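Everything below concerns the one structure shown next.
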Amino acid sequence: MDIRFDGKVALVTGAGSGIGEAIALDLAAAGATVVAADLKAEAAETVVARITAAGGKAVPASGDVSDPGTVAKLVETAMTQGGLHLLVNNAGIGGPSAPTGDYPIDGWHQVIGVNLNAVFFGLRFGIPAMLKSGGGAIVNMASILGSVGFAGAPAYVAAKHAVIGLTKNAAQEYATQGIRVNAVGPAFIDTPLLSGFDEATRQWLIAKHPAGRLGRAEEVSALTLFLLSDQASFITGSYHLVDGGYTAL
Ligand code: NAD
């Protein structure tokens, strides 16, 4: 199956690291022009340099996606490249670790801001742009923690569950207007997001995956590109796991 995105413009948030970086690289390798957006301008520029060096097309963009004005500008940047056809609302943070009864209020707002509000802003500004561009496909990066809980991560779990609901709603609303919206649910993927875990925690996490290892960013990217492609033309409003069997236990 040869997936190509020639002539399409993609906006990927959180493209400076981990899963977003893999998706940006793979989309560009498949012919898309990628707006690689990240909070860290330098990280976005590094990814764009890698894409350009490999013969692909990309432009860097920076800003905090928990701010609606920033997301509106990212969408405008995509439109200056010829439209918006593919959108990956991927930026996310882990947030503090504490049980619900002790969870820091500012940490709650931060996690909901980046992991949920930013996904809404992506849809809010991305969908009208996509309609103007003749339609397209959207992937919202959820998590296995969009369907199961994880002690100590109430904000993250709540945000990811909500992303799946938001995905279903938007999919229903735009299904006959040429826009598909899906969510992806990775288990624990070996990216800088997990860098705060010590070795014992890492081994404990690995043991939760029947596959006996953590996932790789490229494995999440492969599923994301499939869902963005015309090969997935009848798939919308659904949540797709890439979890090494985590939720089968
Ligand atoms: P990562 O930390 O490697 O990369 C996340 C990127 O998002 C970073 O480059 C960061 O600078 C950027 N970012 C953070 N806050 C931002 C903001 N406010 N505005 C713009 N950019 C911002 O993490 P990752 O593992 O690649 O995670 C990507 C997505 O996948 C997240 O939504 C995460 O919740 C989800 N996810 C990750 C895992 C995992 O185990 N790594 C599992 C399930 C889901």
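Naming scheme: A, B, ... for chains in displayed order of the structure tokens; residues 1 onward per chain; ligands 1 onward as shown.
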Based on DSSP run over this structure's backbone, return all residues of segment 27-150 of chain A in alpha helix (DSSP H), as a ChimeraX atom specification.
/A:27-29,41-53,68-80,105-112,118-132
What lies within 12 Å of Ala217 of chain A using only C-alpha atoms, ignoring chain neighbours under 5 positions off, as a list in words?
Ala15, Ser17, Gly18, Ile19, Gly20, Glu21, Ala22, Ile23, Ala24, Leu25, Asp26, Pro186, Ala187, Phe188, Ile189, Asp190, Thr191, Pro192, Leu193, Ala222, Leu223, Thr224, Val242 and Asp243 of chain A
Considering only C-alpha atoms, can you say which of A:Gly146, A:Pro154, A:Gly212, A:Gly245 comes closest to Gly107 of chain A?
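Closest to Gly107 of chain A, using only C-alpha atoms: A:Pro154.
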For Val34 of chain A: contacts at 10 Å, only C-alpha atoms, fewer than 3 positions along chain excluded, given as a tab-separated table (two decimals) with all heavy atoms, in the first residue's frame:
```
chain	number	residue	atom	x	y	z
A	8	LYS	N	-0.68	18.09	-0.88
A	8	LYS	CA	-1.44	18.38	0.35
A	8	LYS	C	-0.58	19.17	1.34
A	8	LYS	O	0.64	19.00	1.40
A	8	LYS	CB	-1.85	17.09	1.06
A	8	LYS	CG	-2.55	16.08	0.15
A	8	LYS	CD	-4.02	16.33	0.10
A	8	LYS	CE	-4.72	15.20	-0.64
A	8	LYS	NZ	-5.99	15.61	-1.21
A	9	VAL	N	-1.27	19.99	2.14
A	9	VAL	CA	-0.58	20.73	3.20
A	9	VAL	C	-1.03	20.16	4.55
A	9	VAL	O	-2.24	20.00	4.78
A	9	VAL	CB	-0.89	22.24	3.13
A	9	VAL	CG1	-0.17	22.99	4.26
A	9	VAL	CG2	-0.49	22.81	1.77
A	10	ALA	N	-0.05	19.86	5.39
A	10	ALA	CA	-0.33	19.27	6.71
A	10	ALA	C	0.15	20.20	7.81
A	10	ALA	O	1.23	20.77	7.71
A	10	ALA	CB	0.39	17.93	6.83
A	11	LEU	N	-0.66	20.32	8.86
A	11	LEU	CA	-0.23	21.01	10.08
A	11	LEU	C	-0.09	19.97	11.19
A	11	LEU	O	-1.05	19.24	11.47
A	11	LEU	CB	-1.26	22.08	10.46
A	11	LEU	CG	-1.11	22.73	11.84
A	11	LEU	CD1	0.24	23.42	12.00
A	11	LEU	CD2	-2.24	23.75	12.08
A	12	VAL	N	1.10	19.89	11.77
A	12	VAL	CA	1.35	18.95	12.86
A	12	VAL	C	1.79	19.76	14.07
A	12	VAL	O	2.80	20.48	14.02
A	12	VAL	CB	2.47	17.94	12.50
A	12	VAL	CG1	2.69	16.95	13.64
A	12	VAL	CG2	2.13	17.20	11.20
A	15	ALA	N	5.46	19.05	16.76
A	15	ALA	CA	6.26	18.36	15.73
A	15	ALA	C	7.75	18.37	16.06
A	15	ALA	O	8.54	17.79	15.32
A	15	ALA	CB	6.03	19.02	14.37
A	23	ILE	N	5.74	11.87	12.78
A	23	ILE	CA	4.62	12.11	11.85
A	23	ILE	C	5.02	13.17	10.82
A	23	ILE	O	4.76	13.01	9.61
A	23	ILE	CB	3.35	12.51	12.63
A	23	ILE	CG1	2.84	11.33	13.46
A	23	ILE	CG2	2.27	13.02	11.68
A	23	ILE	CD1	1.74	11.69	14.46
A	24	ALA	N	5.66	14.24	11.28
A	24	ALA	CA	6.08	15.32	10.36
A	24	ALA	C	7.05	14.76	9.31
A	24	ALA	O	6.92	15.04	8.11
A	24	ALA	CB	6.71	16.46	11.14
A	25	LEU	N	8.02	13.99	9.76
A	25	LEU	CA	9.02	13.42	8.83
A	25	LEU	C	8.34	12.48	7.83
A	25	LEU	O	8.62	12.53	6.63
A	25	LEU	CB	10.10	12.65	9.61
A	25	LEU	CG	11.04	13.50	10.48
A	25	LEU	CD1	11.86	12.62	11.42
A	25	LEU	CD2	11.98	14.35	9.61
A	26	ASP	N	7.43	11.64	8.32
A	26	ASP	CA	6.79	10.66	7.44
A	26	ASP	C	5.84	11.34	6.45
A	26	ASP	O	5.76	10.94	5.28
A	26	ASP	CB	6.03	9.61	8.27
A	26	ASP	CG	6.98	8.66	8.98
A	26	ASP	OD1	8.20	8.68	8.68
A	26	ASP	OD2	6.51	7.90	9.86
A	27	LEU	N	5.10	12.36	6.91
A	27	LEU	CA	4.19	13.07	6.00
A	27	LEU	C	4.98	13.75	4.88
A	27	LEU	O	4.60	13.71	3.71
A	27	LEU	CB	3.38	14.12	6.76
A	27	LEU	CG	2.18	13.62	7.55
A	27	LEU	CD1	1.61	14.74	8.44
A	27	LEU	CD2	1.09	13.08	6.63
A	28	ALA	N	6.11	14.37	5.25
A	28	ALA	CA	6.92	15.05	4.24
A	28	ALA	C	7.51	14.03	3.27
A	28	ALA	O	7.54	14.27	2.05
A	28	ALA	CB	8.02	15.86	4.92
A	29	ALA	N	7.94	12.89	3.80
A	29	ALA	CA	8.51	11.85	2.92
A	29	ALA	C	7.45	11.31	1.96
A	29	ALA	O	7.77	10.83	0.87
A	29	ALA	CB	9.09	10.70	3.76
A	31	GLY	N	5.23	13.21	0.58
A	31	GLY	CA	4.90	14.25	-0.40
A	31	GLY	C	4.16	15.46	0.12
A	31	GLY	O	3.95	16.42	-0.63
A	37	ALA	N	4.91	22.58	13.79
A	37	ALA	CA	4.68	23.57	14.85
A	37	ALA	C	5.07	23.00	16.20
A	37	ALA	O	4.76	21.84	16.51
A	37	ALA	CB	3.21	23.97	14.86
A	48	VAL	N	12.38	20.77	10.52
A	48	VAL	CA	12.24	21.29	9.15
A	48	VAL	C	13.56	21.12	8.40
A	48	VAL	O	13.56	20.74	7.22
A	48	VAL	CB	11.78	22.76	9.18
A	48	VAL	CG1	11.93	23.42	7.82
A	48	VAL	CG2	10.33	22.82	9.65
A	51	ILE	N	13.81	17.59	7.24
A	51	ILE	CA	12.89	17.33	6.12
A	51	ILE	C	13.47	17.91	4.83
A	51	ILE	O	13.50	17.25	3.79
A	51	ILE	CB	11.49	17.93	6.42
A	51	ILE	CG1	10.80	17.12	7.53
A	51	ILE	CG2	10.63	17.97	5.15
A	51	ILE	CD1	9.49	17.71	8.04
A	56	GLY	N	12.31	17.04	1.21
A	56	GLY	CA	10.89	17.32	1.45
A	56	GLY	C	10.63	18.81	1.62
A	56	GLY	O	11.54	19.63	1.61
A	57	LYS	N	9.33	19.11	1.80
A	57	LYS	CA	8.92	20.52	1.96
A	57	LYS	C	8.31	20.72	3.34
A	57	LYS	O	7.39	19.99	3.72
A	57	LYS	CB	7.88	20.88	0.89
A	57	LYS	CG	8.48	21.04	-0.50
A	57	LYS	CD	7.41	21.20	-1.56
A	57	LYS	CE	6.82	19.85	-1.91
A	57	LYS	NZ	5.81	19.78	-2.92
A	58	ALA	N	8.81	21.74	4.04
A	58	ALA	CA	8.26	22.03	5.38
A	58	ALA	C	8.59	23.45	5.78
A	58	ALA	O	9.58	24.02	5.32
A	58	ALA	CB	8.86	21.06	6.41
A	59	VAL	N	7.74	24.00	6.65
A	59	VAL	CA	8.02	25.32	7.24
A	59	VAL	C	7.86	25.20	8.76
A	59	VAL	O	6.96	24.51	9.23
A	59	VAL	CB	7.09	26.43	6.70
A	59	VAL	CG1	7.39	26.75	5.26
A	59	VAL	CG2	5.63	26.09	6.88
A	60	PRO	N	8.75	25.87	9.49
A	60	PRO	CA	8.62	25.80	10.95
A	60	PRO	C	7.63	26.84	11.46
A	60	PRO	O	7.43	27.88	10.83
A	60	PRO	CB	10.04	26.16	11.42
A	60	PRO	CG	10.59	27.05	10.35
A	60	PRO	CD	9.91	26.67	9.05
A	78	ALA	N	-0.52	27.56	7.44
A	78	ALA	CA	-0.80	26.44	6.51
A	78	ALA	C	-1.49	26.97	5.26
A	78	ALA	O	-1.13	26.59	4.13
A	78	ALA	CB	-1.66	25.38	7.20
A	81	GLN	N	0.51	28.18	2.52
A	81	GLN	CA	1.24	27.14	1.77
A	81	GLN	C	0.36	26.47	0.72
A	81	GLN	O	0.78	25.54	0.05
A	81	GLN	CB	1.77	26.06	2.75
A	81	GLN	CG	2.75	26.58	3.79
A	81	GLN	CD	3.97	27.21	3.15
A	81	GLN	OE1	4.64	26.59	2.32
A	81	GLN	NE2	4.25	28.46	3.51
A	84	LEU	N	-5.25	23.83	3.82
A	84	LEU	CA	-5.04	22.92	4.95
A	84	LEU	C	-5.83	21.65	4.64
A	84	LEU	O	-7.05	21.66	4.55
A	84	LEU	CB	-5.53	23.53	6.27
A	84	LEU	CG	-5.39	22.59	7.48
A	84	LEU	CD1	-3.91	22.31	7.79
A	84	LEU	CD2	-6.06	23.17	8.72
A	86	LEU	N	-4.53	18.32	5.93
A	86	LEU	CA	-4.24	17.30	6.94
A	86	LEU	C	-3.87	18.01	8.24
A	86	LEU	O	-3.06	18.94	8.22
A	86	LEU	CB	-3.05	16.42	6.49
A	86	LEU	CG	-3.14	15.83	5.08
A	86	LEU	CD1	-1.78	15.28	4.64
A	86	LEU	CD2	-4.19	14.74	5.02
A	87	LEU	N	-4.49	17.59	9.33
A	87	LEU	CA	-4.22	18.24	10.62
A	87	LEU	C	-4.00	17.16	11.67
A	87	LEU	O	-4.82	16.25	11.83
A	87	LEU	CB	-5.43	19.11	11.00
A	87	LEU	CG	-5.46	19.69	12.42
A	87	LEU	CD1	-4.26	20.61	12.68
A	87	LEU	CD2	-6.77	20.47	12.65
```
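Distances here use only C-alpha atoms and all ligand atoms; by that measure, the residue among A:Thr77, A:Thr176, A:Asn182, A:Ser66 closest to ligand 1 is A:Ser66.
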Can you list every residue of segment 30-110 of chain A that has an atom at most 10 Å from segment 132-140 of chain A, with its nearest atom pair and the distance in Å to one decimal, using only C-alpha atoms, ordered by chain then number, as JSON lines?
```
{"residue": "A:Met79", "atom": "CA", "partner": "A:Ser133", "partner_atom": "CA", "distance": 8.4}
{"residue": "A:Gly82", "atom": "CA", "partner": "A:Ser133", "partner_atom": "CA", "distance": 8.2}
{"residue": "A:Gly83", "atom": "CA", "partner": "A:Ser133", "partner_atom": "CA", "distance": 5.2}
{"residue": "A:Leu84", "atom": "CA", "partner": "A:Ser133", "partner_atom": "CA", "distance": 6.0}
{"residue": "A:His85", "atom": "CA", "partner": "A:Gly136", "partner_atom": "CA", "distance": 4.4}
{"residue": "A:Leu86", "atom": "CA", "partner": "A:Ala137", "partner_atom": "CA", "distance": 5.2}
{"residue": "A:Leu87", "atom": "CA", "partner": "A:Ile138", "partner_atom": "CA", "distance": 4.7}
{"residue": "A:Val88", "atom": "CA", "partner": "A:Val139", "partner_atom": "CA", "distance": 4.9}
{"residue": "A:Asn89", "atom": "CA", "partner": "A:Asn140", "partner_atom": "CA", "distance": 4.8}
{"residue": "A:Asn90", "atom": "CA", "partner": "A:Asn140", "partner_atom": "CA", "distance": 6.2}
{"residue": "A:Ala91", "atom": "CA", "partner": "A:Asn140", "partner_atom": "CA", "distance": 9.4}
```
I'd like the neighbourhood of Ala98 of chain A as a PyMOL selection string, where a residue qualifies if any of its atoms comes within 12 Å (using only C-alpha atoms), though same-chain residues fewer than 6 positions away should be ignored.
chain A and resi 104-105+107-108+150-156
Keeping only C-alpha atoms, take the residues you just selected and write them out as a PDB file, in the first residue's frame.
```pdb
ATOM      1  CA  PRO A 104      -2.316  20.786  41.897  1.00  0.00           C
ATOM      2  CA  ILE A 105      -4.931  23.124  40.473  1.00  0.00           C
ATOM      3  CA  GLY A 107      -1.246  21.561  36.880  1.00  0.00           C
ATOM      4  CA  TRP A 108      -4.848  20.646  36.085  1.00  0.00           C
ATOM      5  CA  PHE A 150      -3.931   5.704  35.351  1.00  0.00           C
ATOM      6  CA  ALA A 151      -3.483   6.468  39.047  1.00  0.00           C
ATOM      7  CA  GLY A 152      -1.788   9.800  39.616  1.00  0.00           C
ATOM      8  CA  ALA A 153      -2.731  11.272  36.226  1.00  0.00           C
ATOM      9  CA  PRO A 154      -6.317  12.560  36.612  1.00  0.00           C
ATOM     10  CA  ALA A 155      -5.866  15.597  34.359  1.00  0.00           C
ATOM     11  CA  TYR A 156      -4.149  13.648  31.582  1.00  0.00           C
TER      12      TYR A 156
END
```
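Distance check against ligand 1 using only C-alpha atoms and all ligand atoms: of A:Lys160, A:Arg124, A:Lys73, A:His209, the minimum falls on A:Lys160.
Among the candidates A:Gly165, A:Gly16, A:Gly244, A:Gly196, the residue lying nearest to Ser97 of chain A is A:Gly196 (atoms considered: only C-alpha atoms).
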For Gly95 of chain A, which residue among A:Leu74, A:Met141, A:Val157, A:Ala54 is the nearest when counting only C-alpha atoms?
A:Val157
Counting only C-alpha atoms, what is within 12 Å of Tyr174 of chain A, bar same-chain residues fewer than 3 positions away, as a list in words?
Leu123, Ile127, Pro128, Met130, Leu131, Gly135, Gly136, Ala137, Ile138, Thr167, Lys168, Asn169, Ala170, Ala171, Gln177, Gly178, Ile179, Arg180, Val181, Asn182, Thr236 and Gly237 of chain A
Could you write those residues out with N, CA and C atoms, as a short mmCIF file (atom, residue, chain, number, x, y, z; two decimals), in the first residue's frame?
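This is the output file out_13.cif:
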```
data_model
loop_
_atom_site.label_atom_id
_atom_site.label_comp_id
_atom_site.auth_asym_id
_atom_site.auth_seq_id
_atom_site.Cartn_x
_atom_site.Cartn_y
_atom_site.Cartn_z
N LEU A 123 -9.43 22.15 15.99
CA LEU A 123 -10.66 21.87 15.24
C LEU A 123 -11.39 23.17 14.91
N ILE A 127 -11.00 23.36 10.96
CA ILE A 127 -12.12 22.85 10.15
C ILE A 127 -12.58 23.89 9.11
N PRO A 128 -12.81 25.15 9.49
CA PRO A 128 -13.21 26.12 8.45
C PRO A 128 -12.16 26.24 7.34
N MET A 130 -10.09 23.91 6.40
CA MET A 130 -10.13 22.66 5.63
C MET A 130 -11.32 22.65 4.67
N LEU A 131 -12.44 23.19 5.13
CA LEU A 131 -13.62 23.27 4.25
C LEU A 131 -13.30 24.15 3.04
N GLY A 135 -11.73 20.03 1.79
CA GLY A 135 -11.87 18.85 2.66
C GLY A 135 -10.52 18.29 3.07
N GLY A 136 -10.56 17.29 3.95
CA GLY A 136 -9.30 16.71 4.42
C GLY A 136 -9.53 15.73 5.55
N ALA A 137 -8.48 15.49 6.30
CA ALA A 137 -8.55 14.51 7.39
C ALA A 137 -7.78 15.01 8.60
N ILE A 138 -8.33 14.66 9.78
CA ILE A 138 -7.76 15.13 11.04
C ILE A 138 -7.50 13.93 11.95
N THR A 167 -13.62 14.18 19.24
CA THR A 167 -13.35 13.58 17.93
C THR A 167 -14.65 13.03 17.33
N LYS A 168 -15.42 12.32 18.17
CA LYS A 168 -16.68 11.73 17.68
C LYS A 168 -17.64 12.82 17.25
N ASN A 169 -17.70 13.88 18.04
CA ASN A 169 -18.64 14.97 17.73
C ASN A 169 -18.31 15.65 16.40
N ALA A 170 -17.04 16.04 16.27
CA ALA A 170 -16.63 16.74 15.05
C ALA A 170 -16.80 15.83 13.83
N ALA A 171 -16.52 14.55 14.01
CA ALA A 171 -16.65 13.61 12.89
C ALA A 171 -18.09 13.56 12.39
N GLN A 177 -19.24 16.53 4.68
CA GLN A 177 -18.61 17.72 4.08
C GLN A 177 -17.14 17.48 3.74
N GLY A 178 -16.78 16.21 3.65
CA GLY A 178 -15.42 15.89 3.16
C GLY A 178 -14.33 15.98 4.21
N ILE A 179 -14.73 15.95 5.50
CA ILE A 179 -13.69 15.96 6.55
C ILE A 179 -13.89 14.75 7.45
N ARG A 180 -12.83 13.97 7.58
CA ARG A 180 -12.84 12.84 8.52
C ARG A 180 -12.02 13.20 9.75
N VAL A 181 -12.51 12.75 10.91
CA VAL A 181 -11.82 13.07 12.17
C VAL A 181 -11.70 11.78 12.99
N ASN A 182 -10.49 11.41 13.32
CA ASN A 182 -10.27 10.20 14.11
C ASN A 182 -9.30 10.48 15.26
N THR A 236 -14.21 7.24 10.13
CA THR A 236 -14.31 8.55 10.78
C THR A 236 -15.02 8.41 12.12
N GLY A 237 -14.65 9.26 13.06
CA GLY A 237 -15.32 9.28 14.37
C GLY A 237 -14.86 8.15 15.27
#
```
Could you list, as a PyMOL selection string, every residue within 10 Å of Ile93 of chain A, counting only C-alpha atoms and ignoring same-chain residues fewer than 3 positions away?
chain A and resi 14+90+96+110-115+156+193
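Taking atom 34 (O, counted along the ligand's line) of ligand 1 and atom CA of Val184 of chain A as the two end points, the separation is 10.4 Å.
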Those in segment 31-66 of chain A with strand (DSSP E) from DSSP, as a ChimeraX atom specification
/A:33-38,57-62
Nearest to ligand 1 by atom-to-atom distance, counting only C-alpha atoms and all ligand atoms, from A:Asp6, A:Glu45, A:Asp64, A:Asp102:
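Among the listed residues, the smallest separation from ligand 1 belongs to A:Asp64.
Pairwise distance (atom 31 (C, counted along the ligand's line) of ligand 1, atom CA of Ser221 of chain A) equals 12.3 Å.
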